[in-house]
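Enquirer: Please find one structure pasted underneath; my questions will follow.
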Amino acid sequence: MGLKLNMPQIKNIIAANVKKSDMPIHKLSQLSGVPAYEIYEIMNGQILPSLDTLRKLSKALDIPVTDLIN
């Protein structure tokens with residue numbers, strides 16, 4: 001059984017954790033290595049992030065990557 005990426009779930013979880021951590025997007029970008037514009041696009045549902053990007057964001061937000069994927 002393969003990974004299933006759910007855009008609404010991903011963008012909502014990332015947005016909620018950014019808000020919860022009170023971390024500015026530019027700081028998340030620095031910690032994760034993901035460009036700020038890409039984080040904004042993910043949070044706005046404009047793009048579906050790669051698994052590598054999800055790993056980077058989950059590490060920077062200190063959440064399990066499994067929280068982002070089904």
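Letters for chains follow the order of the structure tokens (A, B, ...), residue numbers begin at 1 for each chain, and ligand numbers begin at 1 in the order shown.
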Which residues come within 7 Å of Ala36 in chain A, counting only C-alpha atoms, excluding same-chain residues fewer than 6 positions away, as a VMD selection string?

Expert: chain A and resid 25 to 26 29

Enquirer: Within 12 Å of Asp52 in chain A, counting only C-alpha atoms, which residues qualify if same-chain residues fewer than 5 places away don't, as a CSV table (one decimal) with N, CA and C atoms, in the first residue's frame?

Expert:
```csv
chain,number,residue,atom,x,y,z
A,32,SER,N,14.2,24.7,8.1
A,32,SER,CA,13.8,23.5,7.3
A,32,SER,C,14.6,23.5,6.0
A,33,GLY,N,15.1,24.6,5.5
A,33,GLY,CA,15.7,24.7,4.2
A,33,GLY,C,14.7,24.7,3.1
A,34,VAL,N,13.5,24.9,3.4
A,34,VAL,CA,12.4,25.0,2.4
A,34,VAL,C,12.2,26.5,2.2
A,57,LEU,N,10.0,19.9,6.8
A,57,LEU,CA,9.0,20.8,7.6
A,57,LEU,C,8.7,20.1,8.9
A,58,SER,N,8.4,18.8,8.8
A,58,SER,CA,8.0,18.1,10.1
A,58,SER,C,9.2,18.2,11.1
A,59,LYS,N,10.4,18.0,10.6
A,59,LYS,CA,11.6,18.1,11.5
A,59,LYS,C,11.7,19.5,12.1
A,65,VAL,N,6.5,13.1,10.7
A,65,VAL,CA,6.1,13.2,9.3
A,65,VAL,C,4.8,12.4,9.1
```

Enquirer: Quick one, how far is CA of Asn12 in chain A from CA of Asp67 in chain A?

Expert: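 One can read the CA of Asn12 in chain A to CA of Asp67 in chain A distance as 11.0 Å.
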
Enquirer: Need to verify the contact set: Gln9 in chain A, 10 Å, only C-alpha atoms, exclusion of same-chain residues closer than 3 positions in sequence. Can you return it as a PyMOL selection string?

Expert: chain A and resi 5-6+12-15+45+67-70

Enquirer: For each of A:Ile10, A:Met23, A:Leu31, A:Leu61, take the minimum atom-to-atom distance to Gln46 in chain A, counting only C-alpha atoms, then give the residue where this is smallest.

Expert: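 Comparing A:Ile10, A:Met23, A:Leu31, A:Leu61 against Gln46 in chain A, the winner is A:Ile10.
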
Enquirer: Select, from A:Lys20, A:Ala60, A:Lys11, A:Gln30, the residue with the minimum atom-to-atom distance to Met43 in chain A, counting only C-alpha atoms.

Expert: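 Counting only C-alpha atoms, the residue closest to Met43 in chain A is A:Lys11.
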